>>> print(open('my_file34.csv').read())   # CSV, N, CA and C atoms
chain,number,residue,atom,x,y,z
K,149,GLN,N,2.7,-10.3,-8.1
K,149,GLN,CA,2.7,-9.3,-9.2
K,149,GLN,C,4.2,-8.8,-9.4
K,150,VAL,N,4.4,-8.4,-10.7
K,150,VAL,CA,5.7,-8.0,-11.1
K,150,VAL,C,5.6,-6.6,-11.7
K,151,GLN,N,6.4,-5.7,-11.2
K,151,GLN,CA,6.4,-4.3,-11.8
K,151,GLN,C,7.7,-4.1,-12.6
K,152,LEU,N,7.5,-3.5,-13.8
K,152,LEU,CA,8.6,-3.3,-14.7
K,152,LEU,C,8.7,-1.8,-15.1
K,153,VAL,N,9.9,-1.2,-15.0
K,153,VAL,CA,10.1,0.2,-15.4
K,153,VAL,C,11.3,0.3,-16.3
K,154,GLU,N,11.0,0.8,-17.5
K,154,GLU,CA,12.1,1.0,-18.5
K,154,GLU,C,12.7,2.3,-18.4
K,155,SER,N,13.9,2.4,-18.9
K,155,SER,CA,14.6,3.7,-19.0
K,155,SER,C,15.7,3.6,-20.0
K,156,GLY,N,16.2,4.8,-20.4
K,156,GLY,CA,17.4,4.8,-21.3
K,156,GLY,C,17.1,5.0,-22.8
K,157,GLY,N,15.8,5.2,-23.1
K,157,GLY,CA,15.6,5.5,-24.5
K,157,GLY,C,16.0,6.9,-24.9
K,158,GLY,N,15.9,7.2,-26.2
K,158,GLY,CA,16.3,8.6,-26.6
K,158,GLY,C,16.5,8.6,-28.1
K,159,SER,N,17.1,9.7,-28.6
K,159,SER,CA,17.3,9.9,-30.0
K,159,SER,C,18.8,9.7,-30.4
K,160,VAL,N,19.0,9.1,-31.5
K,160,VAL,CA,20.4,8.8,-31.9
K,160,VAL,C,20.4,8.8,-33.5
K,161,GLN,N,21.5,9.1,-34.0
K,161,GLN,CA,21.6,9.0,-35.5
K,161,GLN,C,21.9,7.5,-35.9
K,162,ALA,N,21.5,7.3,-37.2
K,162,ALA,CA,21.8,5.9,-37.7
K,162,ALA,C,23.2,5.5,-37.5
K,163,GLY,N,23.4,4.3,-37.1
K,163,GLY,CA,24.8,3.8,-36.9
K,163,GLY,C,25.2,3.9,-35.4
K,164,GLY,N,24.4,4.7,-34.7
K,164,GLY,CA,24.8,4.9,-33.3
K,164,GLY,C,24.3,3.7,-32.4
K,165,SER,N,24.5,4.0,-31.1
K,165,SER,CA,24.2,2.9,-30.1
K,165,SER,C,23.3,3.5,-28.9
K,166,LEU,N,22.5,2.7,-28.3
K,166,LEU,CA,21.8,3.0,-27.1
K,166,LEU,C,21.7,1.8,-26.3
K,167,ARG,N,21.5,2.0,-25.0
K,167,ARG,CA,21.2,0.9,-24.1
K,167,ARG,C,20.0,1.2,-23.3
K,168,VAL,N,19.0,0.4,-23.4
K,168,VAL,CA,17.8,0.6,-22.6
K,168,VAL,C,17.8,-0.4,-21.4
K,169,SER,N,17.2,0.0,-20.3
K,169,SER,CA,17.2,-0.8,-19.1
K,169,SER,C,15.8,-1.1,-18.6
K,170,CYS,N,15.6,-2.1,-17.9
K,170,CYS,CA,14.3,-2.5,-17.3
K,170,CYS,C,14.5,-2.9,-15.9
K,171,ALA,N,14.0,-2.1,-14.9
K,171,ALA,CA,14.1,-2.5,-13.5
K,171,ALA,C,12.9,-3.3,-13.1
K,172,ALA,N,13.1,-4.5,-12.6
K,172,ALA,CA,12.0,-5.3,-12.1
K,172,ALA,C,11.9,-5.4,-10.6
K,173,SER,N,10.6,-5.4,-10.1
K,173,SER,CA,10.4,-5.5,-8.7
K,173,SER,C,9.2,-6.4,-8.5
K,174,GLY,N,9.0,-6.7,-7.2
K,174,GLY,CA,7.8,-7.6,-6.9
K,174,GLY,C,8.2,-9.1,-6.9
K,175,ALA,N,7.4,-9.9,-7.4
K,175,ALA,CA,7.6,-11.3,-7.4
K,175,ALA,C,8.5,-11.8,-8.6
K,176,THR,N,9.7,-11.2,-8.6
K,176,THR,CA,10.7,-11.5,-9.7
K,176,THR,C,11.2,-13.0,-9.6
K,177,TYR,N,11.1,-13.6,-8.4
K,177,TYR,CA,11.5,-15.0,-8.3
K,177,TYR,C,10.7,-15.9,-9.2
K,178,SER,N,9.5,-15.5,-9.6
K,178,SER,CA,8.6,-16.4,-10.3
K,178,SER,C,8.8,-16.3,-11.8
K,179,ILE,N,9.6,-15.4,-12.3
K,179,ILE,CA,9.7,-15.1,-13.7
K,179,ILE,C,10.6,-16.2,-14.4
K,180,ASN,N,10.2,-16.7,-15.5
K,180,ASN,CA,11.0,-17.7,-16.3
K,180,ASN,C,11.6,-17.1,-17.5
K,181,TYR,N,11.0,-16.1,-18.1
K,181,TYR,CA,11.5,-15.4,-19.3
K,181,TYR,C,11.3,-13.9,-19.1
K,182,MET,N,12.2,-13.1,-19.6
K,182,MET,CA,12.0,-11.7,-19.8
K,182,MET,C,12.3,-11.3,-21.3
K,183,GLY,N,11.6,-10.3,-21.7
K,183,GLY,CA,11.9,-9.9,-23.1
K,183,GLY,C,11.7,-8.5,-23.4
K,184,TRP,N,12.3,-8.1,-24.6
K,184,TRP,CA,12.1,-6.7,-25.1
K,184,TRP,C,11.2,-6.8,-26.4
K,185,PHE,N,10.3,-5.9,-26.4
K,185,PHE,CA,9.4,-5.8,-27.5
K,185,PHE,C,9.3,-4.4,-28.0
K,186,ARG,N,8.9,-4.2,-29.3
K,186,ARG,CA,8.8,-2.8,-29.8
K,186,ARG,C,7.5,-2.7,-30.6
K,187,GLN,N,7.1,-1.4,-30.6
K,187,GLN,CA,5.9,-1.1,-31.4
K,187,GLN,C,6.1,0.2,-32.1
K,188,ALA,N,6.0,0.2,-33.4
K,188,ALA,CA,6.1,1.5,-34.1
K,188,ALA,C,4.7,1.9,-34.4
K,189,PRO,N,4.5,3.2,-34.7
K,189,PRO,CA,3.1,3.7,-35.0
K,189,PRO,C,2.5,3.0,-36.2
K,190,GLY,N,1.3,2.5,-36.0
K,190,GLY,CA,0.5,1.8,-37.0
K,190,GLY,C,1.0,0.4,-37.2
K,191,LYS,N,1.9,-0.1,-36.4
K,191,LYS,CA,2.3,-1.5,-36.6
K,191,LYS,C,2.0,-2.3,-35.3
K,192,GLU,N,2.0,-3.6,-35.4
K,192,GLU,CA,1.8,-4.5,-34.3
K,192,GLU,C,3.1,-4.6,-33.4
K,193,ARG,N,2.9,-4.9,-32.2
K,193,ARG,CA,4.0,-5.1,-31.3
K,193,ARG,C,4.7,-6.4,-31.7
K,194,GLU,N,6.1,-6.3,-31.7
K,194,GLU,CA,6.9,-7.4,-32.2
K,194,GLU,C,8.0,-7.7,-31.1
K,195,GLY,N,8.3,-9.0,-31.1
K,195,GLY,CA,9.4,-9.4,-30.2
K,195,GLY,C,10.7,-9.0,-30.8
K,196,VAL,N,11.6,-8.5,-29.9
K,196,VAL,CA,13.0,-8.1,-30.3
K,196,VAL,C,14.0,-9.1,-29.8
K,197,ALA,N,13.9,-9.4,-28.5
K,197,ALA,CA,14.9,-10.3,-27.8
K,197,ALA,C,14.3,-10.8,-26.5
K,198,ALA,N,14.7,-12.0,-26.2
K,198,ALA,CA,14.2,-12.6,-24.9
K,198,ALA,C,15.3,-13.4,-24.3
K,199,ILE,N,15.2,-13.6,-23.0
K,199,ILE,CA,16.2,-14.3,-22.2
K,199,ILE,C,15.5,-15.2,-21.2
K,200,GLY,N,16.0,-16.4,-21.1
K,200,GLY,CA,15.5,-17.3,-20.0
K,200,GLY,C,16.2,-16.9,-18.7
K,201,THR,N,15.5,-16.7,-17.7
K,201,THR,CA,16.1,-16.2,-16.5
K,201,THR,C,16.9,-17.3,-15.7
K,202,GLY,N,16.6,-18.5,-16.0
K,202,GLY,CA,17.3,-19.6,-15.4
K,202,GLY,C,18.6,-20.0,-16.1
K,203,ASP,N,18.5,-20.4,-17.3
K,203,ASP,CA,19.6,-20.8,-18.1
K,203,ASP,C,20.3,-19.7,-19.0
K,204,ARG,N,19.7,-18.5,-18.9
K,204,ARG,CA,20.2,-17.4,-19.7
K,204,ARG,C,20.2,-17.7,-21.2
K,205,SER,N,19.4,-18.5,-21.7
K,205,SER,CA,19.3,-18.7,-23.1
K,205,SER,C,18.7,-17.5,-23.7
K,206,THR,N,19.2,-17.1,-24.9
K,206,THR,CA,18.8,-15.8,-25.5
K,206,THR,C,18.2,-16.1,-26.9
K,207,TYR,N,17.3,-15.2,-27.3
K,207,TYR,CA,16.5,-15.3,-28.5
K,207,TYR,C,16.5,-14.0,-29.1
K,208,TYR,N,16.6,-13.9,-30.5
K,208,TYR,CA,16.6,-12.6,-31.1
K,208,TYR,C,15.7,-12.7,-32.4
K,209,ALA,N,15.1,-11.6,-32.7
K,209,ALA,CA,14.4,-11.4,-34.0
K,209,ALA,C,15.5,-11.3,-35.1
K,210,ASP,N,15.2,-11.9,-36.2
K,210,ASP,CA,16.2,-11.9,-37.3
K,210,ASP,C,16.6,-10.4,-37.6
K,211,SER,N,15.7,-9.5,-37.5
K,211,SER,CA,16.0,-8.1,-37.9
K,211,SER,C,17.1,-7.4,-37.0
K,212,VAL,N,17.3,-8.0,-35.8
K,212,VAL,CA,18.3,-7.4,-34.9
K,212,VAL,C,19.5,-8.3,-34.5
K,213,LYS,N,19.5,-9.5,-35.1
K,213,LYS,CA,20.6,-10.4,-34.8
K,213,LYS,C,21.9,-9.8,-35.2
K,214,GLY,N,22.9,-9.9,-34.3
K,214,GLY,CA,24.2,-9.3,-34.6
K,214,GLY,C,24.4,-7.9,-34.2
K,215,ARG,N,23.2,-7.2,-33.9
K,215,ARG,CA,23.3,-5.8,-33.6
K,215,ARG,C,22.8,-5.5,-32.2
K,216,PHE,N,21.9,-6.3,-31.7
K,216,PHE,CA,21.3,-6.1,-30.3
K,216,PHE,C,21.8,-7.2,-29.4
K,217,THR,N,22.0,-6.9,-28.1
K,217,THR,CA,22.3,-7.9,-27.2
K,217,THR,C,21.5,-7.8,-25.9
K,218,ILE,N,20.8,-8.8,-25.5
K,218,ILE,CA,20.0,-8.8,-24.3
K,218,ILE,C,20.8,-9.4,-23.2
K,219,SER,N,20.7,-8.8,-22.0
K,219,SER,CA,21.4,-9.4,-20.8
K,219,SER,C,20.6,-9.0,-19.5
K,220,GLN,N,21.0,-9.7,-18.5
K,220,GLN,CA,20.3,-9.5,-17.2
K,220,GLN,C,21.3,-9.4,-16.1
K,221,ASP,N,21.0,-8.6,-15.1
K,221,ASP,CA,21.9,-8.5,-13.9
K,221,ASP,C,21.0,-8.9,-12.7
K,222,ASN,N,21.1,-10.2,-12.3
K,222,ASN,CA,20.2,-10.7,-11.3
K,222,ASN,C,20.3,-9.9,-9.9
K,223,ALA,N,21.6,-9.5,-9.6
K,223,ALA,CA,21.8,-8.8,-8.4
K,223,ALA,C,21.0,-7.5,-8.3
K,224,LYS,N,20.8,-6.9,-9.5
K,224,LYS,CA,20.1,-5.6,-9.6
K,224,LYS,C,18.7,-5.8,-10.1
K,225,ASN,N,18.3,-7.0,-10.4
K,225,ASN,CA,16.9,-7.3,-10.9
K,225,ASN,C,16.7,-6.4,-12.1
K,226,THR,N,17.7,-6.3,-13.0
K,226,THR,CA,17.6,-5.4,-14.2
K,226,THR,C,17.9,-6.1,-15.4
K,227,LEU,N,17.1,-5.8,-16.5
K,227,LEU,CA,17.3,-6.4,-17.8
K,227,LEU,C,17.8,-5.2,-18.7
K,228,TYR,N,18.7,-5.6,-19.6
K,228,TYR,CA,19.3,-4.6,-20.5
K,228,TYR,C,19.1,-5.0,-22.0
K,229,LEU,N,19.1,-4.0,-22.8
K,229,LEU,CA,19.1,-4.3,-24.3
K,229,LEU,C,20.1,-3.3,-24.8
K,230,GLN,N,21.3,-3.8,-25.2
K,230,GLN,CA,22.3,-3.0,-25.9
K,230,GLN,C,22.0,-3.0,-27.4
K,231,MET,N,21.8,-1.8,-27.9
K,231,MET,CA,21.5,-1.7,-29.3
K,231,MET,C,22.6,-1.0,-30.1
K,232,ASN,N,23.2,-1.7,-31.0
K,232,ASN,CA,24.3,-1.1,-31.8
K,232,ASN,C,23.9,-1.0,-33.3
K,233,SER,N,24.6,-0.3,-34.0
K,233,SER,CA,24.4,-0.1,-35.5
K,233,SER,C,22.9,0.1,-35.7
K,234,LEU,N,22.4,1.1,-35.0
K,234,LEU,CA,20.9,1.4,-35.1
K,234,LEU,C,20.5,1.9,-36.5
K,235,LYS,N,19.3,1.5,-36.9
K,235,LYS,CA,18.8,1.9,-38.2
K,235,LYS,C,17.5,2.7,-38.0
K,236,PRO,N,17.1,3.5,-38.9
K,236,PRO,CA,15.9,4.3,-38.8
K,236,PRO,C,14.7,3.3,-38.5
K,237,GLU,N,14.7,2.1,-39.1
K,237,GLU,CA,13.6,1.2,-38.9
K,237,GLU,C,13.5,0.6,-37.5
K,238,ASP,N,14.5,0.9,-36.7
K,238,ASP,CA,14.5,0.5,-35.3
K,238,ASP,C,13.7,1.5,-34.4
K,239,THR,N,13.3,2.6,-35.0
K,239,THR,CA,12.5,3.6,-34.3
K,239,THR,C,11.2,3.0,-33.8
K,240,ALA,N,10.9,3.0,-32.5
K,240,ALA,CA,9.7,2.5,-32.0
K,240,ALA,C,9.7,2.8,-30.5
K,241,MET,N,8.5,2.4,-29.8
K,241,MET,CA,8.5,2.4,-28.4
K,241,MET,C,8.9,1.0,-28.0
K,242,TYR,N,9.9,0.9,-27.1
K,242,TYR,CA,10.4,-0.3,-26.6
K,242,TYR,C,9.8,-0.7,-25.2
K,243,PHE,N,9.3,-1.9,-25.1
K,243,PHE,CA,8.7,-2.4,-23.9
K,243,PHE,C,9.5,-3.6,-23.3
K,244,CYS,N,9.5,-3.6,-22.0
K,244,CYS,CA,10.0,-4.7,-21.3
K,244,CYS,C,8.9,-5.6,-20.9
K,245,ALA,N,9.0,-6.9,-20.9
K,245,ALA,CA,7.9,-7.8,-20.4
K,245,ALA,C,8.5,-9.0,-19.7
K,246,ALA,N,7.7,-9.6,-18.8
K,246,ALA,CA,8.1,-10.7,-18.0
K,246,ALA,C,6.9,-11.6,-17.7
K,247,ASP,N,7.2,-12.9,-17.5
K,247,ASP,CA,6.1,-13.8,-17.1
K,247,ASP,C,6.7,-15.0,-16.5
K,248,PRO,N,5.9,-15.7,-15.7
K,248,PRO,CA,6.4,-17.0,-15.1
K,248,PRO,C,6.1,-18.2,-16.0
K,249,PHE,N,5.3,-18.0,-17.0
K,249,PHE,CA,4.9,-19.2,-17.8
K,249,PHE,C,5.1,-19.1,-19.3
K,250,VAL,N,6.1,-18.4,-19.7
K,250,VAL,CA,6.4,-18.3,-21.1
K,250,VAL,C,6.9,-19.7,-21.6
K,251,SER,N,6.3,-20.1,-22.8
K,251,SER,CA,6.8,-21.3,-23.4
K,251,SER,C,8.2,-21.1,-24.0
K,252,ARG,N,9.1,-22.1,-23.9
K,252,ARG,CA,10.4,-21.9,-24.4
K,252,ARG,C,10.4,-22.0,-25.9
K,253,TRP,N,9.3,-22.4,-26.5
K,253,TRP,CA,9.1,-22.4,-28.0
K,253,TRP,C,8.7,-21.1,-28.5
K,254,TYR,N,8.2,-20.2,-27.7
K,254,TYR,CA,7.6,-18.9,-28.2
K,254,TYR,C,8.0,-17.7,-27.3
K,255,PRO,N,9.3,-17.6,-27.0
K,255,PRO,CA,9.7,-16.5,-26.1
K,255,PRO,C,9.6,-15.1,-26.7
K,256,LEU,N,9.4,-15.0,-28.0
K,256,LEU,CA,9.3,-13.7,-28.7
K,256,LEU,C,7.9,-13.3,-29.1
K,257,VAL,N,6.9,-14.1,-28.6
K,257,VAL,CA,5.5,-13.8,-28.9
K,257,VAL,C,4.9,-13.0,-27.7
K,258,PRO,N,4.4,-11.8,-28.1
K,258,PRO,CA,3.9,-10.9,-27.0
K,258,PRO,C,2.8,-11.5,-26.2
K,259,ALA,N,2.0,-12.3,-26.7
K,259,ALA,CA,0.9,-12.9,-26.0
K,259,ALA,C,1.3,-13.8,-24.9
K,260,GLN,N,2.6,-14.2,-24.9
K,260,GLN,CA,3.1,-15.1,-23.8
K,260,GLN,C,3.3,-14.3,-22.5
K,261,TYR,N,3.3,-13.0,-22.6
K,261,TYR,CA,3.7,-12.2,-21.4
K,261,TYR,C,2.5,-11.5,-20.8
K,262,LYS,N,2.5,-11.5,-19.5
K,262,LYS,CA,1.4,-10.9,-18.8
K,262,LYS,C,1.8,-9.5,-18.2
K,263,HIS,N,3.1,-9.4,-17.8
K,263,HIS,CA,3.6,-8.2,-17.1
K,263,HIS,C,4.4,-7.3,-18.1
K,264,TRP,N,4.0,-6.0,-18.2
K,264,TRP,CA,4.6,-5.1,-19.1
K,264,TRP,C,5.0,-3.8,-18.4
K,265,GLY,N,6.1,-3.2,-18.9
K,265,GLY,CA,6.4,-1.9,-18.5
K,265,GLY,C,5.7,-0.8,-19.3
K,266,GLN,N,5.9,0.4,-19.0
K,266,GLN,CA,5.2,1.5,-19.7
K,266,GLN,C,5.9,1.9,-21.0
K,267,GLY,N,7.1,1.4,-21.3
K,267,GLY,CA,7.8,1.7,-22.5
K,267,GLY,C,8.7,2.9,-22.5
K,268,THR,N,9.7,2.8,-23.4
K,268,THR,CA,10.6,3.9,-23.6
K,268,THR,C,10.8,4.1,-25.1
K,269,GLN,N,10.8,5.4,-25.5
K,269,GLN,CA,10.9,5.7,-26.9
K,269,GLN,C,12.3,5.7,-27.4
K,270,VAL,N,12.5,5.0,-28.5
K,270,VAL,CA,13.8,5.0,-29.2
K,270,VAL,C,13.6,5.6,-30.6
K,271,THR,N,14.3,6.7,-31.0
K,271,THR,CA,14.2,7.3,-32.3
K,271,THR,C,15.5,7.3,-33.0
K,272,VAL,N,15.6,6.8,-34.2
K,272,VAL,CA,16.8,6.7,-34.9
K,272,VAL,C,16.6,7.6,-36.2
K,273,SER,N,17.4,8.6,-36.3
K,273,SER,CA,17.3,9.5,-37.5
K,273,SER,C,18.4,9.1,-38.6
K,274,SER,N,18.0,9.3,-39.8
K,274,SER,CA,18.9,9.0,-40.9
K,274,SER,C,19.9,10.1,-41.2
>>> encode(input="my_file34.csv", output="structure tokens")
Amino acid sequence: QVQLVESGGGSVQAGGSLRVSCAASGATYSINYMGWFRQAPGKEREGVAAIGTGDRSTYYADSVKGRFTISQDNAKNTLYLQMNSLKPEDTAMYFCAADPFVSRWYPLVPAQYKHWGQGTQVTVSS
């Protein structure tokens, strides 16, 4: 089993920055991909960014390319999402996810992930 705990969400004005973190514990050695997903009220959960834990390949949704950066610190078993130039449409609950069997063709698809954190709220005001 893998346990994930997010932190670092909050409120910021448009154009500002936030960094959210995800601390992983348990069977972390088995994970092949980790990702950040978000869900706004009334909308489906969507993939934001993902990273291959072995080769550190990264993947981003078109809506966040050039603004968000995903990274991992293996020594701390922690995943990060640095979010810059935030927009009101980035407002959502942000979730961390991990799984040992994510397909490299679909790292931003929520259904690929079995382990999820509880989420952290990010609110961007205009």
>>> closest_residue(input="my_file34.csv", among="K:Ala209, K:Ala259, K:Ala223, K:Ala171", to="Cys244 in chain K", atoms="all atoms listed in the file")
K:Ala171
>>> select_by_dssp(input="my_file34.csv", residues="chain K", states="strand (DSSP E)", output="number ranges by chain")
K: 150-155, 158-161, 166-174, 181-187, 194-200, 206-208, 216-221, 226-231, 240-247, 263-264, 268-273
>>> atom_distance(input="my_file34.csv", atom1="CA of Gly202 in chain K", atom2="CA of Arg167 in chain K")
22.6 Å
>>> closest_residue(input="my_file34.csv", among="K:Thr201, K:Ser273, K:Thr176, K:Gln266", to="Val153 in chain K", atoms="all atoms listed in the file")
K:Gln266
>>> residues_around(input="my_file34.csv", residues="Pro248 in chain K", least_positions_apart="3", cutoff="6 Å", atoms="only N, CA and C atoms", output="JSON list (two decimals) with N, CA and C atoms, in the coordinates of the input")
[["chain", "number", "residue", "atom", "x", "y", "z"],
["K", 178, "SER", "N", 9.50, -15.50, -9.60],
["K", 178, "SER", "CA", 8.60, -16.40, -10.30],
["K", 178, "SER", "C", 8.80, -16.30, -11.80],
["K", 179, "ILE", "N", 9.60, -15.40, -12.30],
["K", 179, "ILE", "CA", 9.70, -15.10, -13.70],
["K", 179, "ILE", "C", 10.60, -16.20, -14.40],
["K", 180, "ASN", "N", 10.20, -16.70, -15.50],
["K", 180, "ASN", "CA", 11.00, -17.70, -16.30],
["K", 180, "ASN", "C", 11.60, -17.10, -17.50],
["K", 181, "TYR", "N", 11.00, -16.10, -18.10],
["K", 181, "TYR", "CA", 11.50, -15.40, -19.30],
["K", 181, "TYR", "C", 11.30, -13.90, -19.10]]
>>> closest_residue(input="my_file34.csv", among="K:Gln230, K:Thr239, K:Ser274, K:Ser211", to="Val168 in chain K", atoms="all atoms listed in the file")
K:Gln230
>>> closest_residue(input="my_file34.csv", among="K:Phe249, K:Leu256, K:Tyr261, K:Glu237", to="Tyr207 in chain K", atoms="only N, CA and C atoms")
K:Leu256
>>> closest_residue(input="my_file34.csv", among="K:Asn225, K:Gln161, K:Gln187, K:Ser205", to="Ser173 in chain K", atoms="all atoms listed in the file")
K:Asn225
>>> closest_residue(input="my_file34.csv", among="K:Arg252, K:Gly157, K:Ala175, K:Leu234", to="Asp203 in chain K", atoms="only C-alpha atoms")
K:Arg252
>>> atom_distance(input="my_file34.csv", atom1="CA of Pro255 in chain K", atom2="CA of Gly174 in chain K")
21.2 Å
>>> atom_distance(input="my_file34.csv", atom1="CA of Ala246 in chain K", atom2="CA of Ser165 in chain K")
24.3 Å
>>> residues_around(input="my_file34.csv", residues="Tyr228 in chain K", least_positions_apart="5", cutoff="5 Å", atoms="all atoms listed in the file", output="PDB file with N, CA and C atoms, in the frame of the given file")
ATOM      1  N   VAL K 168      19.000   0.400 -23.400  1.00  0.00           N
ATOM      2  CA  VAL K 168      17.800   0.600 -22.600  1.00  0.00           C
ATOM      3  C   VAL K 168      17.800  -0.400 -21.400  1.00  0.00           C
ATOM      4  N   SER K 169      17.200   0.000 -20.300  1.00  0.00           N
ATOM      5  CA  SER K 169      17.200  -0.800 -19.100  1.00  0.00           C
ATOM      6  C   SER K 169      15.800  -1.100 -18.600  1.00  0.00           C
ATOM      7  N   CYS K 170      15.600  -2.100 -17.900  1.00  0.00           N
ATOM      8  CA  CYS K 170      14.300  -2.500 -17.300  1.00  0.00           C
ATOM      9  C   CYS K 170      14.500  -2.900 -15.900  1.00  0.00           C
ATOM     10  N   ILE K 218      20.800  -8.800 -25.500  1.00  0.00           N
ATOM     11  CA  ILE K 218      20.000  -8.800 -24.300  1.00  0.00           C
ATOM     12  C   ILE K 218      20.800  -9.400 -23.200  1.00  0.00           C
ATOM     13  N   SER K 219      20.700  -8.800 -22.000  1.00  0.00           N
ATOM     14  CA  SER K 219      21.400  -9.400 -20.800  1.00  0.00           C
ATOM     15  C   SER K 219      20.600  -9.000 -19.500  1.00  0.00           C
ATOM     16  N   GLN K 220      21.000  -9.700 -18.500  1.00  0.00           N
ATOM     17  CA  GLN K 220      20.300  -9.500 -17.200  1.00  0.00           C
ATOM     18  C   GLN K 220      21.300  -9.400 -16.100  1.00  0.00           C
TER      19      GLN K 220
END
>>> residues_around(input="my_file34.csv", residues="Met182 in chain K", least_positions_apart="4", cutoff="5 Å", atoms="only N, CA and C atoms", output="PDB file with N, CA and C atoms, in the coordinates of the input")
ATOM      1  N   ALA K 198      14.700 -12.000 -26.200  1.00  0.00           N
ATOM      2  CA  ALA K 198      14.200 -12.600 -24.900  1.00  0.00           C
ATOM      3  C   ALA K 198      15.300 -13.400 -24.300  1.00  0.00           C
ATOM      4  N   ILE K 199      15.200 -13.600 -23.000  1.00  0.00           N
ATOM      5  CA  ILE K 199      16.200 -14.300 -22.200  1.00  0.00           C
ATOM      6  C   ILE K 199      15.500 -15.200 -21.200  1.00  0.00           C
ATOM      7  N   ALA K 245       9.000  -6.900 -20.900  1.00  0.00           N
ATOM      8  CA  ALA K 245       7.900  -7.800 -20.400  1.00  0.00           C
ATOM      9  C   ALA K 245       8.500  -9.000 -19.700  1.00  0.00           C
ATOM     10  N   ALA K 246       7.700  -9.600 -18.800  1.00  0.00           N
ATOM     11  CA  ALA K 246       8.100 -10.700 -18.000  1.00  0.00           C
ATOM     12  C   ALA K 246       6.900 -11.600 -17.700  1.00  0.00           C
TER      13      ALA K 246
END
>>> residues_near_point(input="my_file34.csv", point="(24.5, 1.5, -32.9)", cutoff="7 Å", atoms="all atoms listed in the file", output="ChimeraX atom specification")
/K:162-166,231-235
>>> residues_around(input="my_file34.csv", residues="Phe243 in chain K", least_positions_apart="5", cutoff="6.5 Å", atoms="all atoms listed in the file", output="list of chain:residue names")
K:Gly183, K:Trp184, K:Phe185, K:Arg186, K:Gln187, K:Gly265, K:Gln266, K:Gly267, K:Thr268
>>> decode(input="my_file34.csv", residues="range 234-246 of chain K", atoms="N, CA, C and O atoms", output="mmCIF file, in the first residue's frame")
data_model
loop_
_atom_site.group_PDB
_atom_site.id
_atom_site.type_symbol
_atom_site.label_atom_id
_atom_site.label_comp_id
_atom_site.auth_asym_id
_atom_site.auth_seq_id
_atom_site.Cartn_x
_atom_site.Cartn_y
_atom_site.Cartn_z
ATOM 1 N N LEU K 234 -0.389 31.881 -11.986
ATOM 2 C CA LEU K 234 -1.679 31.241 -11.741
ATOM 3 C C LEU K 234 -2.833 32.077 -12.275
ATOM 4 O O LEU K 234 -2.787 33.314 -12.273
ATOM 5 N N LYS K 235 -3.844 31.366 -12.743
ATOM 6 C CA LYS K 235 -5.039 31.986 -13.309
ATOM 7 C C LYS K 235 -6.257 31.555 -12.499
ATOM 8 O O LYS K 235 -6.238 30.483 -11.885
ATOM 9 N N PRO K 236 -7.329 32.346 -12.523
ATOM 10 C CA PRO K 236 -8.544 31.930 -11.804
ATOM 11 C C PRO K 236 -9.035 30.535 -12.216
ATOM 12 O O PRO K 236 -9.552 29.795 -11.380
ATOM 13 N N GLU K 237 -8.837 30.177 -13.474
ATOM 14 C CA GLU K 237 -9.291 28.858 -13.926
ATOM 15 C C GLU K 237 -8.442 27.705 -13.378
ATOM 16 O O GLU K 237 -8.774 26.544 -13.583
ATOM 17 N N ASP K 238 -7.354 28.025 -12.672
ATOM 18 C CA ASP K 238 -6.575 26.987 -11.995
ATOM 19 C C ASP K 238 -7.178 26.618 -10.642
ATOM 20 O O ASP K 238 -6.710 25.675 -9.983
ATOM 21 N N THR K 239 -8.199 27.355 -10.216
ATOM 22 C CA THR K 239 -8.852 27.075 -8.941
ATOM 23 C C THR K 239 -9.477 25.688 -8.949
ATOM 24 O O THR K 239 -10.246 25.341 -9.836
ATOM 25 N N ALA K 240 -9.079 24.865 -7.969
ATOM 26 C CA ALA K 240 -9.566 23.487 -7.891
ATOM 27 C C ALA K 240 -8.993 22.822 -6.649
ATOM 28 O O ALA K 240 -8.097 23.368 -5.999
ATOM 29 N N MET K 241 -9.488 21.633 -6.360
ATOM 30 C CA MET K 241 -8.843 20.765 -5.383
ATOM 31 C C MET K 241 -7.766 19.991 -6.136
ATOM 32 O O MET K 241 -8.055 19.410 -7.191
ATOM 33 N N TYR K 242 -6.558 20.024 -5.619
ATOM 34 C CA TYR K 242 -5.440 19.347 -6.259
ATOM 35 C C TYR K 242 -5.116 18.056 -5.510
ATOM 36 O O TYR K 242 -4.958 18.060 -4.286
ATOM 37 N N PHE K 243 -5.013 16.978 -6.267
ATOM 38 C CA PHE K 243 -4.768 15.664 -5.709
ATOM 39 C C PHE K 243 -3.456 15.096 -6.237
ATOM 40 O O PHE K 243 -3.130 15.250 -7.415
ATOM 41 N N CYS K 244 -2.768 14.392 -5.363
ATOM 42 C CA CYS K 244 -1.582 13.636 -5.723
ATOM 43 C C CYS K 244 -2.000 12.182 -5.935
ATOM 44 O O CYS K 244 -2.872 11.681 -5.213
ATOM 45 N N ALA K 245 -1.383 11.508 -6.892
ATOM 46 C CA ALA K 245 -1.709 10.108 -7.147
ATOM 47 C C ALA K 245 -0.454 9.336 -7.512
ATOM 48 O O ALA K 245 0.519 9.914 -8.013
ATOM 49 N N ALA K 246 -0.500 8.036 -7.273
ATOM 50 C CA ALA K 246 0.648 7.175 -7.573
ATOM 51 C C ALA K 246 0.156 5.770 -7.884
ATOM 52 O O ALA K 246 -0.910 5.353 -7.412
#
